[in-house]
$ cat protein_22.txt   # compact mmCIF, C-alpha atoms
# COMPACT_ATOMS: atom_id res chain seq x y z
CA MET A 154 155.26 153.93 -28.40
CA MET A 155 154.09 156.95 -26.41
CA ASN A 156 153.71 156.81 -22.65
CA THR A 157 150.07 157.40 -21.62
CA MET A 158 150.56 156.68 -17.92
CA ILE A 159 148.94 159.28 -15.67
CA PRO A 160 150.89 160.70 -12.70
CA HIS A 161 149.30 159.99 -9.34
CA ARG A 162 148.38 162.52 -6.69
CA GLN A 163 147.07 162.36 -3.15
CA ALA A 164 143.43 163.25 -2.59
CA ARG A 165 141.03 163.68 0.30
CA ASP A 166 139.29 160.57 1.58
CA GLY A 167 135.78 160.17 0.22
CA ASP A 168 136.08 162.40 -2.84
CA ALA A 169 136.87 159.67 -5.41
CA ARG A 170 133.42 158.86 -6.75
CA SER A 171 132.29 162.47 -6.55
CA GLN A 172 134.94 163.37 -9.14
CA ILE A 173 133.77 160.77 -11.68
CA ARG A 174 131.76 162.35 -14.50
CA VAL A 175 128.87 160.25 -15.84
CA VAL A 176 126.64 160.74 -18.86
CA LEU A 177 123.45 158.67 -18.75
CA LEU A 178 121.33 158.38 -21.90
CA GLU A 179 117.99 156.77 -21.07
CA SER A 180 114.72 157.85 -22.71
CA HIS A 181 112.43 156.25 -20.09
CA ARG A 182 111.97 158.95 -17.45
CA GLN A 183 111.21 156.70 -14.46
CA LEU A 184 114.09 154.33 -15.17
CA ARG A 185 116.40 157.28 -15.74
CA ALA A 186 115.40 158.78 -12.40
CA ALA A 187 115.97 155.44 -10.65
CA MET A 188 119.43 155.10 -12.19
CA VAL A 189 120.39 158.65 -11.23
CA SER A 190 119.17 158.02 -7.68
CA GLY A 191 121.18 154.80 -7.54
CA LEU A 192 124.30 156.55 -8.81
CA ARG A 193 123.95 159.36 -6.30
CA SER A 194 123.37 156.93 -3.42
CA ARG A 195 126.70 155.33 -4.30
CA GLY A 196 128.56 158.61 -4.20
CA PHE A 197 128.57 159.70 -7.84
CA GLY A 198 128.13 163.45 -7.80
CA GLN A 199 128.56 164.56 -11.41
CA ILE A 200 125.79 162.99 -13.48
CA ALA A 201 124.36 164.33 -16.73
CA SER A 202 120.89 162.77 -16.97
CA CYS A 203 119.86 162.79 -20.64
CA GLY A 204 116.51 161.81 -22.08
CA SER A 205 117.48 162.34 -25.71
CA LEU A 206 120.41 161.86 -28.04
CA GLN A 207 120.79 165.62 -28.48
CA ALA A 208 120.97 166.14 -24.72
CA ALA A 209 123.70 163.49 -24.51
CA ILE A 210 125.69 165.15 -27.30
CA GLN A 211 125.48 168.45 -25.41
CA ALA A 212 126.62 166.81 -22.17
CA LEU A 213 129.56 165.17 -23.94
CA ALA A 214 130.61 168.54 -25.35
CA GLU A 215 130.84 170.11 -21.91
CA GLY A 216 133.97 168.28 -20.76
CA GLU A 217 135.84 165.01 -20.32
CA ILE A 218 133.61 162.21 -19.06
CA ASP A 219 134.66 158.95 -17.44
CA LEU A 220 131.57 156.75 -17.76
CA LEU A 221 128.91 156.62 -20.49
CA LEU A 222 125.72 154.60 -19.90
CA VAL A 223 123.59 154.28 -23.03
CA ASP A 224 120.12 152.81 -23.52
CA LEU A 225 119.80 151.24 -26.98
CA ASP A 226 116.04 150.71 -26.94
CA ASP A 227 115.06 154.10 -28.34
CA GLY A 228 117.09 154.13 -31.55
CA TRP A 229 119.98 151.68 -31.29
CA ARG A 230 121.49 152.72 -34.61
CA GLU A 231 121.72 156.35 -33.54
CA ALA A 232 123.07 155.38 -30.11
CA CYS A 233 125.76 153.17 -31.66
CA ASP A 234 126.66 155.91 -34.12
CA LEU A 235 127.06 158.29 -31.19
CA LEU A 236 129.60 156.00 -29.52
CA SER A 237 131.45 155.47 -32.81
CA ARG A 238 131.85 159.24 -33.00
CA VAL A 239 133.03 159.37 -29.39
CA ARG A 240 135.61 156.63 -30.03
CA GLY A 241 136.75 158.42 -33.17
CA GLY A 242 137.28 161.70 -31.32
CA LYS A 243 134.47 163.43 -33.22
CA CYS A 244 132.16 163.90 -30.22
CA GLY A 245 133.13 164.80 -26.68
CA HIS A 246 136.58 165.15 -25.15
CA ASN A 247 137.43 161.63 -23.95
CA PRO A 248 137.26 158.90 -26.60
CA PHE A 249 138.40 156.37 -23.99
CA ALA A 250 135.51 156.74 -21.53
CA VAL A 251 134.16 153.43 -20.26
CA ALA A 252 130.91 152.85 -22.20
CA ILE A 253 128.18 150.39 -21.21
CA ALA A 254 125.15 149.67 -23.40
CA LEU A 255 121.76 148.67 -21.98
CA THR A 256 119.10 146.91 -24.06
CA SER A 257 115.90 144.95 -23.55
CA ALA A 258 116.10 143.59 -27.11
CA PRO A 259 119.39 141.64 -27.36
CA GLU A 260 118.94 140.71 -30.99
CA GLN A 261 121.94 139.74 -33.06
CA ASP A 262 122.04 142.90 -35.19
CA VAL A 263 121.74 145.12 -32.10
CA LEU A 264 124.52 143.30 -30.25
CA ARG A 265 126.80 143.29 -33.29
CA ALA A 266 126.28 147.03 -33.86
CA ALA A 267 127.03 147.74 -30.19
CA ILE A 268 130.22 145.67 -30.28
CA ASP A 269 131.36 147.31 -33.52
CA ALA A 270 130.66 150.77 -32.09
CA GLY A 271 133.16 150.13 -29.30
CA PHE A 272 131.11 149.55 -26.16
CA ASP A 273 133.07 148.03 -23.29
CA ASP A 274 130.08 145.99 -22.13
CA ILE A 275 126.45 145.23 -23.01
CA LEU A 276 123.85 144.50 -20.33
CA VAL A 277 120.35 143.14 -20.88
CA LYS A 278 117.39 144.84 -19.22
CA PRO A 279 115.64 144.48 -16.92
CA LEU A 280 118.51 144.12 -14.49
CA PRO A 281 119.01 145.01 -10.85
CA LEU A 282 120.90 148.25 -10.42
CA GLU A 283 123.36 146.37 -8.25
CA GLN A 284 124.35 144.27 -11.26
CA LEU A 285 125.07 147.43 -13.25
CA PHE A 286 127.22 148.83 -10.47
CA ARG A 287 129.17 145.57 -10.17
CA ARG A 288 130.05 145.91 -13.85
CA VAL A 289 131.10 149.51 -13.33
CA TRP A 290 133.37 148.51 -10.43
CA ARG A 291 134.93 145.83 -12.60
CA PHE A 292 136.18 148.55 -14.93
CA THR A 293 137.84 150.35 -12.03
CA GLU A 294 140.13 147.31 -11.79
CA GLY A 295 141.05 147.16 -15.46
CA ARG A 296 139.73 146.91 -18.98
CA ARG A 297 140.66 145.46 -22.34
CA ARG A 298 143.25 147.18 -24.46
CA PHE A 299 142.04 149.04 -27.54
CA VAL A 300 142.39 147.54 -31.00
CA VAL A 301 143.39 149.96 -33.77
CA THR A 302 142.49 149.24 -37.41
CA HIS A 303 141.68 151.47 -40.37
CA ASP A 304 137.94 151.31 -39.55
CA TYR A 305 137.69 150.45 -35.84
CA THR A 306 139.16 151.82 -32.64
CA GLY A 307 137.82 150.38 -29.42
CA PRO A 308 138.07 147.56 -26.89
CA ASP A 309 139.40 144.25 -28.19
CA ARG A 310 136.30 142.42 -29.47
CA ARG A 311 137.81 138.92 -29.43
CA ARG A 312 136.88 136.58 -26.59
CA THR A 313 139.51 133.99 -27.50
CA PRO A 314 141.91 135.01 -30.29
CA ARG A 315 142.52 132.30 -32.90
CA PRO A 316 146.19 131.32 -33.17
CA ASP A 317 146.10 131.64 -36.97
CA ALA A 318 144.20 134.94 -37.04
CA PRO A 319 146.02 138.11 -38.13
CA THR A 320 146.78 140.38 -35.21
CA ALA A 321 145.77 144.03 -35.18
CA PRO A 322 147.86 146.55 -33.24
CA MET A 323 146.63 147.23 -29.72
CA VAL A 324 147.25 150.04 -27.26
CA SER A 325 146.60 150.60 -23.56
CA VAL A 326 144.47 153.72 -23.25
CA PRO A 327 143.82 155.97 -20.26
CA ASN A 328 141.14 154.59 -17.94
CA THR A 329 140.02 157.79 -16.26
CA LEU A 330 137.21 155.98 -14.45
CA ALA A 331 139.76 153.80 -12.65
CA GLU A 332 142.20 156.66 -12.07
CA LYS A 333 139.54 158.88 -10.50
CA PHE A 334 138.17 156.00 -8.45
CA ARG A 335 141.66 155.60 -7.00
CA ARG A 336 141.78 159.39 -6.43
CA SER A 337 144.94 159.56 -8.48
CA VAL A 338 144.43 161.88 -11.44
CA THR A 339 144.56 165.61 -12.00
CA SER A 340 142.61 167.28 -14.77
CA ASP A 341 145.77 168.41 -16.55
CA ALA A 342 147.31 164.94 -16.37
CA LEU A 343 144.07 163.41 -17.64
CA ARG A 344 143.99 165.70 -20.67
CA ALA A 345 147.66 165.09 -21.41
CA ALA A 346 147.21 161.31 -21.27
CA ILE A 347 144.17 161.45 -23.54
CA ALA A 348 146.01 163.63 -26.06
CA ALA A 349 149.05 161.32 -26.06
CA ALA A 350 146.90 158.24 -26.63
CA GLN A 351 144.98 159.96 -29.42
CA ALA A 352 148.24 160.88 -31.16
CA GLU A 353 149.50 157.30 -30.88
CA ILE A 354 146.25 155.89 -32.24
CA ALA A 355 146.25 158.35 -35.16
CA TYR A 356 149.74 157.15 -36.06
CA MET A 357 148.70 153.48 -35.76
CA ARG A 358 145.60 154.02 -37.91
CA GLU A 359 147.64 155.70 -40.60
CA ARG A 360 150.06 152.78 -40.62
CA ALA A 361 147.10 150.36 -40.88
CA ARG A 362 145.63 152.37 -43.75
CA MET A 363 148.90 152.48 -45.67
CA GLY A 364 149.69 148.77 -45.28
CA PRO A 365 153.08 147.19 -44.49
CA ALA A 366 155.15 149.06 -47.08
CA GLY A 367 153.64 152.44 -46.41
CA GLY A 368 153.74 151.82 -42.67
CA ASN A 369 157.47 151.15 -42.80
CA ALA A 370 158.02 154.41 -44.68
CA LEU A 371 155.87 156.25 -42.13
CA ALA A 372 157.91 154.76 -39.29
CA ARG A 373 161.18 155.87 -40.92
CA ALA A 374 159.82 159.38 -41.40
CA ALA A 375 158.70 159.55 -37.76
CA ALA A 376 162.22 158.66 -36.63
CA PHE A 377 163.65 161.90 -38.07
$ encode --input "protein_22.txt" --output "structure tokens"
Amino acid sequence: MMNTMIPHRQARDGDARSQIRVVLLESHRQLRAAMVSGLRSRGFGQIASCGSLQAAIQALAEGEIDLLLVDLDDGWREACDLLSRVRGGKCGHNPFAVAIALTSAPEQDVLRAAIDAGFDDILVKPLPLEQLFRRVWRFTEGRRRFVVTHDYTGPDRRRTPRPDAPTAPMVSVPNTLAEKFRRSVTSDALRAAIAAAQAEIAYMRERARMGPAGGNALARAAAF
């Protein structure tokens, strides 16, 4: 298994949150402005405020992000598809960014699509901004490992695993939100950790696709 640990560095006091890159996708202009204001008042300095899916895609293309906040109310299927592409490495530069969905319509199909897309958390609107920030801080302390199957890569979706249920391979992925909050990551180390985790996941997905026999052959080939 590859090592995706990120080397630590010393940083100036007070610069932690200002280094965290956030992409906010919220179509409602007043709510978007309130969220940006709340983020800035808490020290976040690098915020891409996006009112459309296309604007979010452009922001994701501009560099590695650490936190993705996505409103599902204006096209939840498209928003979930966007995150699926992020998790699959097809959009943006950090498939392991912490992703939080926001919705005022927590219907079963919406929630299921958000979970299957790979969101770390789903919050129901309206909610106090302080509640959102408490959830964000929780992810600076840790997050679930990623599950890797032939058709899903994202946070472990099981609340309580059944003892008799088949187990899918899991991997600890870089949590750049937490690393930057602790002022402990360099850009080069971040990119190296992301690349190492992506390579490990690609190998695990190929093993899952090939099944036990093919996976054993793949493992033997990788040993040479």
$ residues_around --input "protein_22.txt" --residues "A:Val300" --least-positions-apart "5" --cutoff "8 Å" --atoms "all atoms listed in the file" --output "mmCIF file with C-alpha atoms, in the coordinates of the input"
data_model
loop_
_atom_site.group_PDB
_atom_site.id
_atom_site.type_symbol
_atom_site.label_atom_id
_atom_site.label_comp_id
_atom_site.auth_asym_id
_atom_site.auth_seq_id
_atom_site.Cartn_x
_atom_site.Cartn_y
_atom_site.Cartn_z
ATOM 1 C CA TYR A 305 137.690 150.450 -35.840
ATOM 2 C CA THR A 306 139.160 151.820 -32.640
ATOM 3 C CA GLY A 307 137.820 150.380 -29.420
ATOM 4 C CA PRO A 308 138.070 147.560 -26.890
ATOM 5 C CA ASP A 309 139.400 144.250 -28.190
ATOM 6 C CA ALA A 321 145.770 144.030 -35.180
ATOM 7 C CA PRO A 322 147.860 146.550 -33.240
ATOM 8 C CA MET A 323 146.630 147.230 -29.720
ATOM 9 C CA VAL A 324 147.250 150.040 -27.260
#
$ closest_residue --input "protein_22.txt" --among "A:Gln199, A:Ser194, A:Thr302, A:Ser325" --to "A:Asp219" --atoms "only C-alpha atoms"
A:Gln199
$ closest_atom_pairs --input "protein_22.txt" --of "stretch 219-268 of chain A" --to "stretch 284-287 of chain A" --cutoff "10 Å" --atoms "all atoms listed in the file" --output "JSON lines"
{"residue": "A:Leu222", "atom": "CA", "partner": "A:Leu285", "partner_atom": "CA", "distance": 9.8}
{"residue": "A:Ile253", "atom": "CA", "partner": "A:Leu285", "partner_atom": "CA", "distance": 9.0}
{"residue": "A:Leu255", "atom": "CA", "partner": "A:Leu285", "partner_atom": "CA", "distance": 9.4}
$ residues_around --input "protein_22.txt" --residues "A:Arg344" --least-positions-apart "3" --cutoff "9 Å" --atoms "only C-alpha atoms" --output "list in words"
Glu217, His246, Asn247, Thr339, Ser340, Asp341, Ile347, Ala348 and Ala349 of chain A
$ residues_around --input "protein_22.txt" --residues "A:Trp229" --least-positions-apart "4" --cutoff "7 Å" --atoms "all atoms listed in the file" --output "PDB file with C-alpha atoms, keeping the file's coordinate frame"
ATOM      1  CA  LEU A 225     119.800 151.240 -26.980  1.00  0.00           C
ATOM      2  CA  CYS A 233     125.760 153.170 -31.660  1.00  0.00           C
ATOM      3  CA  VAL A 263     121.740 145.120 -32.100  1.00  0.00           C
TER       4      VAL A 263
END
$ closest_residue --input "protein_22.txt" --among "A:Arg360, A:Arg298, A:Arg310, A:Arg336" --to "A:Phe272" --atoms "all atoms listed in the file"
A:Arg310
$ atom_distance --input "protein_22.txt" --atom1 "atom CA of A:Leu206" --atom2 "atom CA of A:Phe249"
19.2 Å
$ residues_near_point --input "protein_22.txt" --point "(123.9, 152.0, -26.5)" --cutoff "12 Å" --atoms "all atoms listed in the file" --output "NGL selection string"
:A and (176-180 or 206 or 209 or 221-237 or 252-259 or 263-277)
$ closest_residue --input "protein_22.txt" --among "A:Val326, A:Ile354, A:Val175, A:Ala208" --to "A:Arg193" --atoms "all atoms listed in the file"
A:Val175
$ atom_distance --input "protein_22.txt" --atom1 "atom CA of A:Phe197" --atom2 "atom CA of A:Arg174"
7.8 Å
$ closest_residue --input "protein_22.txt" --among "A:Leu213, A:Ile173, A:Asp262, A:Leu192" --to "A:Val239" --atoms "only C-alpha atoms"
A:Leu213
$ atom_distance --input "protein_22.txt" --atom1 "atom CA of A:Pro327" --atom2 "atom CA of A:Ala187"
29.5 Å
$ axis_aligned_box --input "protein_22.txt" --around "stretch 178-190 of chain A" --padding-each-side "8 Å" --output "lines of an AutoDock Vina configuration file"
center_x = 116.3
center_y = 156.6
center_z = -15.2
size_x = 26.1
size_y = 20.6
size_z = 31.0
$ residues_around --input "protein_22.txt" --residues "A:Ala212" --least-positions-apart "3" --cutoff "9 Å" --atoms "only C-alpha atoms" --output "PyMOL selection string"
chain A and resi 176+201-203+207-209+215-216+218+245
$ write_last_selection --input "protein_22.txt" --atoms "C-alpha atoms" --output "compact mmCIF listing (two decimals), in the frame of the given file"
# COMPACT_ATOMS: atom_id res chain seq x y z
CA VAL A 176 126.64 160.74 -18.86
CA ALA A 201 124.36 164.33 -16.73
CA SER A 202 120.89 162.77 -16.97
CA CYS A 203 119.86 162.79 -20.64
CA GLN A 207 120.79 165.62 -28.48
CA ALA A 208 120.97 166.14 -24.72
CA ALA A 209 123.70 163.49 -24.51
CA GLU A 215 130.84 170.11 -21.91
CA GLY A 216 133.97 168.28 -20.76
CA ILE A 218 133.61 162.21 -19.06
CA GLY A 245 133.13 164.80 -26.68
$ decode --input "protein_22.txt" --residues "stretch 256-268 of chain A" --atoms "N, CA and C atoms" --output "PDB file, in the first residue's frame"
ATOM      1  N   THR A 256     -29.239  21.219   1.012  1.00  0.00           N
ATOM      2  CA  THR A 256     -30.515  21.080   0.312  1.00  0.00           C
ATOM      3  C   THR A 256     -31.669  21.479   1.215  1.00  0.00           C
ATOM      4  N   SER A 257     -32.688  22.078   0.615  1.00  0.00           N
ATOM      5  CA  SER A 257     -33.919  22.383   1.346  1.00  0.00           C
ATOM      6  C   SER A 257     -35.004  21.366   1.018  1.00  0.00           C
ATOM      7  N   ALA A 258     -34.672  20.368   0.210  1.00  0.00           N
ATOM      8  CA  ALA A 258     -35.620  19.321  -0.184  1.00  0.00           C
ATOM      9  C   ALA A 258     -34.983  17.957   0.065  1.00  0.00           C
ATOM     10  N   PRO A 259     -34.922  17.529   1.335  1.00  0.00           N
ATOM     11  CA  PRO A 259     -34.229  16.266   1.660  1.00  0.00           C
ATOM     12  C   PRO A 259     -35.068  15.035   1.338  1.00  0.00           C
ATOM     13  N   GLU A 260     -35.439  14.914   0.073  1.00  0.00           N
ATOM     14  CA  GLU A 260     -36.214  13.756  -0.349  1.00  0.00           C
ATOM     15  C   GLU A 260     -35.287  12.564  -0.544  1.00  0.00           C
ATOM     16  N   GLN A 261     -35.868  11.376  -0.512  1.00  0.00           N
ATOM     17  CA  GLN A 261     -35.068  10.166  -0.517  1.00  0.00           C
ATOM     18  C   GLN A 261     -34.174  10.054  -1.743  1.00  0.00           C
ATOM     19  N   ASP A 262     -34.718  10.389  -2.934  1.00  0.00           N
ATOM     20  CA  ASP A 262     -33.903  10.247  -4.142  1.00  0.00           C
ATOM     21  C   ASP A 262     -32.763  11.261  -4.169  1.00  0.00           C
ATOM     22  N   VAL A 263     -33.003  12.455  -3.613  1.00  0.00           N
ATOM     23  CA  VAL A 263     -31.955  13.473  -3.555  1.00  0.00           C
ATOM     24  C   VAL A 263     -30.840  13.029  -2.609  1.00  0.00           C
ATOM     25  N   LEU A 264     -31.224  12.564  -1.422  1.00  0.00           N
ATOM     26  CA  LEU A 264     -30.238  12.126  -0.439  1.00  0.00           C
ATOM     27  C   LEU A 264     -29.433  10.933  -0.947  1.00  0.00           C
ATOM     28  N   ARG A 265     -30.115   9.982  -1.581  1.00  0.00           N
ATOM     29  CA  ARG A 265     -29.419   8.806  -2.093  1.00  0.00           C
ATOM     30  C   ARG A 265     -28.423   9.196  -3.182  1.00  0.00           C
ATOM     31  N   ALA A 266     -28.831  10.101  -4.078  1.00  0.00           N
ATOM     32  CA  ALA A 266     -27.930  10.540  -5.139  1.00  0.00           C
ATOM     33  C   ALA A 266     -26.709  11.258  -4.559  1.00  0.00           C
ATOM     34  N   ALA A 267     -26.931  12.065  -3.524  1.00  0.00           N
ATOM     35  CA  ALA A 267     -25.817  12.784  -2.903  1.00  0.00           C
ATOM     36  C   ALA A 267     -24.848  11.825  -2.226  1.00  0.00           C
ATOM     37  N   ILE A 268     -25.374  10.830  -1.539  1.00  0.00           N
ATOM     38  CA  ILE A 268     -24.519   9.830  -0.890  1.00  0.00           C
ATOM     39  C   ILE A 268     -23.724   9.054  -1.930  1.00  0.00           C
TER      40      ILE A 268
END
